[in-house]
Amino acid sequence: MTVDEKTFIEALRRAAAQNGIAALIDEEKAEKLYALTVRMLAVNEQFNLTAITDPDRIIFLHYIDCLLEAAHFPLGASVIDVGCGAGFPSLPLAVCRPDLEITALDSTAKRVAYVEETASSLGLTKLKTVTARAEEAARLPSLRECFDCATARAVAALPVLSELCLPFVKEGGLFIAMKGKNAKAELAASKNAIKTLGATLEGVIDTPITDFAGEVFARGTLLLRKSAKTPALYPRPYAKIVKKPL
């Protein structure tokens with residue numbers, strides 16, 4: 001698919017302004033997001049990265065969706081993107097928040113290689129990758145409770161996701177869970193997990209996305225503050241996590 005650069009950048013900046021994040025995307029960053037789009041669509045023809053291939057939908061449902069979270073990350077924070085997949089939110093965040101030190105974690109080697117190669121091609125020197133299962137990586141001394149923030153997008157229900165993500169977050173840090181329209185319902189089912197894993201609820205934020213046609217996509221962001229160390233028992237093996245969520 002051919003994507004016209006000028007048309008794409010104009011649409012991107014208009015979408016950012018429409019959703020209140022225009023300040024995040026200057027001309028240089030817009031050009032990098034265009035280059036990211038071209039590369040993603042090219043690689044997507046070789047193996048599946050995304051089902052979203054229309055440029056406008058990419059803008060709203062990948063880039064705007066991810067960048068609406070950018071304000072929650074402290075300046076210069078170390079961040080782990082758990083289950084990064086095709087690099088969301090890690091790649092857009094690395095482009096538009098170059099102050100962040102981002103680790104993109106996924107168990108699929110092909111996707112991790114894509115994220116690493118894409119970051120290199122875009123000059124994103126503060127993004128690194130790790131190929132591992134989250135429940136195993138969270139037990140490594142080099143990763144456990146080492147990050148200011150953890151984040152995840154479309155990975156699992158919140159009780160499961162909390163057990164996979166909170167062990168990476170240092171005391172005082174933040175787990176930023178990107179969720180859809182069921183964010184509040186998932187939160188209600190996660191109170192025991194959040195407490196058991198050493199966190200407290202800091203905020204529930206509605207982050208709807210409005211496209212050019214006026215269609216609104218419901219989104220919710222859950223902010224969980226790490227208030228105590230995660231007990232050594234967690235995370236459990238994945239089969240146990242999903243069979244018996246906390």
# chains A, B, ... in the order shown; residues from 1 in each chain; ligands from 1
>>> residues_around(residues="Ser120 (chain A)", least_positions_apart="6", cutoff="12 Å", atoms="only C-alpha atoms", output="number ranges by chain")
A: 32, 36, 91, 94-95, 113-114, 126-129
>>> residues_around(residues="region 220-229 of chain A", least_positions_apart="5", cutoff="10 Å", atoms="only C-alpha atoms", output="PyMOL selection string")
chain A and resi 68-69+72+145+148-151+158+162+166-184+186-187+194-208
>>> atom_distance(atom1="CA of Phe88 (chain A)", atom2="CA of Asn192 (chain A)")
27.9 Å
>>> select_by_dssp(residues="region 58-116 of chain A", states="helix (DSSP H, G or I)", output="MDAnalysis selection string")
chainID A and resid 58:67 70:72 90:96 109:116
>>> select_by_dssp(residues="region 33-105 of chain A", states="strand (DSSP E)", output="list in words")
Ser78, Val79, Ile80, Asp81, Val82, Glu101, Ile102, Thr103, Ala104 and Leu105 of chain A
>>> write_last_selection(atoms="N, CA and C atoms", output="mmCIF file, in the first residue's frame")
data_model
loop_
_atom_site.group_PDB
_atom_site.id
_atom_site.type_symbol
_atom_site.label_atom_id
_atom_site.label_comp_id
_atom_site.auth_asym_id
_atom_site.auth_seq_id
_atom_site.Cartn_x
_atom_site.Cartn_y
_atom_site.Cartn_z
ATOM 1 N N SER A 78 11.766 5.328 33.374
ATOM 2 C CA SER A 78 12.043 4.025 32.767
ATOM 3 C C SER A 78 10.704 3.296 32.656
ATOM 4 N N VAL A 79 10.426 2.743 31.477
ATOM 5 C CA VAL A 79 9.115 2.176 31.170
ATOM 6 C C VAL A 79 9.288 0.794 30.553
ATOM 7 N N ILE A 80 8.458 -0.165 30.987
ATOM 8 C CA ILE A 80 8.406 -1.445 30.311
ATOM 9 C C ILE A 80 7.030 -1.621 29.691
ATOM 10 N N ASP A 81 7.013 -1.943 28.406
ATOM 11 C CA ASP A 81 5.790 -2.207 27.651
ATOM 12 C C ASP A 81 5.628 -3.723 27.603
ATOM 13 N N VAL A 82 4.697 -4.245 28.389
ATOM 14 C CA VAL A 82 4.537 -5.690 28.554
ATOM 15 C C VAL A 82 3.591 -6.239 27.486
ATOM 16 N N GLU A 101 12.964 6.057 28.797
ATOM 17 C CA GLU A 101 13.808 4.871 28.577
ATOM 18 C C GLU A 101 12.855 3.681 28.502
ATOM 19 N N ILE A 102 12.618 3.155 27.311
ATOM 20 C CA ILE A 102 11.570 2.164 27.103
ATOM 21 C C ILE A 102 12.152 0.785 26.814
ATOM 22 N N THR A 103 11.601 -0.214 27.494
ATOM 23 C CA THR A 103 11.911 -1.613 27.209
ATOM 24 C C THR A 103 10.644 -2.260 26.669
ATOM 25 N N ALA A 104 10.721 -2.772 25.453
ATOM 26 C CA ALA A 104 9.584 -3.445 24.813
ATOM 27 C C ALA A 104 9.752 -4.947 24.996
ATOM 28 N N LEU A 105 8.794 -5.563 25.699
ATOM 29 C CA LEU A 105 8.882 -6.976 26.049
ATOM 30 C C LEU A 105 7.783 -7.766 25.350
#
>>> closest_residue(among="A:Asp99, A:Glu117, A:Asp106, A:Asp65", to="Asp211 (chain A)", atoms="only C-alpha atoms")
A:Asp65
>>> residues_around(residues="Val155 (chain A)", least_positions_apart="2", cutoff="7 Å", atoms="only C-alpha atoms", output="PyMOL selection string")
chain A and resi 83+152-153
>>> residues_around(residues="Ile64 (chain A)", least_positions_apart="2", cutoff="12 Å", atoms="only C-alpha atoms", output="compact mmCIF listing (two decimals) with C-alpha atoms, in the first residue's frame")
# COMPACT_ATOMS: atom_id res chain seq x y z
CA ALA A 11 -4.25 13.98 8.90
CA LEU A 12 -2.05 12.98 11.82
CA ARG A 13 -1.62 16.51 13.08
CA ARG A 14 -5.32 17.28 12.62
CA ALA A 15 -6.24 14.13 14.56
CA ALA A 16 -3.83 15.05 17.36
CA ALA A 17 -5.31 18.54 17.61
CA GLN A 18 -8.84 17.14 17.60
CA ASN A 19 -7.96 14.86 20.52
CA GLY A 20 -6.04 17.42 22.57
CA ILE A 21 -2.47 16.21 22.04
CA ALA A 22 -1.23 18.53 19.28
CA LEU A 24 3.16 16.06 21.28
CA ILE A 25 3.61 15.91 17.51
CA LEU A 33 5.33 8.34 12.58
CA ASP A 56 -6.63 7.12 9.04
CA ARG A 57 -7.51 4.14 11.24
CA ILE A 58 -3.82 3.66 12.02
CA ILE A 59 -3.63 7.28 13.10
CA PHE A 60 -6.60 7.05 15.46
CA LEU A 61 -6.59 3.46 16.69
CA HIS A 62 -2.83 3.05 17.01
CA CYS A 66 -1.21 5.26 22.48
CA LEU A 67 -0.28 8.92 22.74
CA LEU A 68 -3.28 9.80 24.88
CA GLU A 69 -1.34 7.96 27.60
CA ALA A 70 1.85 9.99 27.20
CA PHE A 88 2.21 -0.31 20.71
CA PRO A 89 2.49 1.78 22.76
CA PRO A 92 4.78 5.91 19.29
CA LEU A 93 5.85 6.76 22.85
CA CYS A 96 6.90 11.47 20.85
CA THR A 207 -9.69 8.67 27.27
CA PRO A 208 -12.16 8.53 24.35
CA ILE A 209 -10.91 8.93 20.79
CA THR A 210 -12.91 10.96 18.28
CA ASP A 211 -12.24 10.37 14.58
CA PHE A 217 -14.17 5.07 20.54
CA ARG A 219 -11.15 4.03 26.07
>>> closest_residue(among="A:Lys243, A:Lys191, A:Arg133, A:Arg39", to="Ala109 (chain A)", atoms="only C-alpha atoms")
A:Arg133
>>> residues_around(residues="region 46-55 of chain A", least_positions_apart="5", cutoff="8 Å", atoms="only C-alpha atoms", output="PDB file with C-alpha atoms, in the first residue's frame")
ATOM      1  CA  VAL A   3       0.751   6.157   1.732  1.00  0.00           C
ATOM      2  CA  PHE A   8      -0.750  11.400   6.154  1.00  0.00           C
ATOM      3  CA  THR A  37       3.549   3.544   9.173  1.00  0.00           C
ATOM      4  CA  MET A  40       4.734  -1.391   9.480  1.00  0.00           C
ATOM      5  CA  LEU A  41       2.552  -1.821   6.393  1.00  0.00           C
ATOM      6  CA  GLY A  85       3.243  -6.890  20.032  1.00  0.00           C
ATOM      7  CA  ALA A  86       3.795  -4.692  16.990  1.00  0.00           C
ATOM      8  CA  ARG A 111       7.619  -9.193  16.620  1.00  0.00           C
TER       9      ARG A 111
END
>>> closest_atom_pairs(of="region 102-162 of chain A", to="region 231-234 of chain A", cutoff="9 Å", atoms="only C-alpha atoms", output="JSON lines")
{"residue": "A:Glu135", "atom": "CA", "partner": "A:Tyr234", "partner_atom": "CA", "distance": 8.3}
{"residue": "A:Ala138", "atom": "CA", "partner": "A:Tyr234", "partner_atom": "CA", "distance": 8.7}
{"residue": "A:Arg139", "atom": "CA", "partner": "A:Tyr234", "partner_atom": "CA", "distance": 8.5}
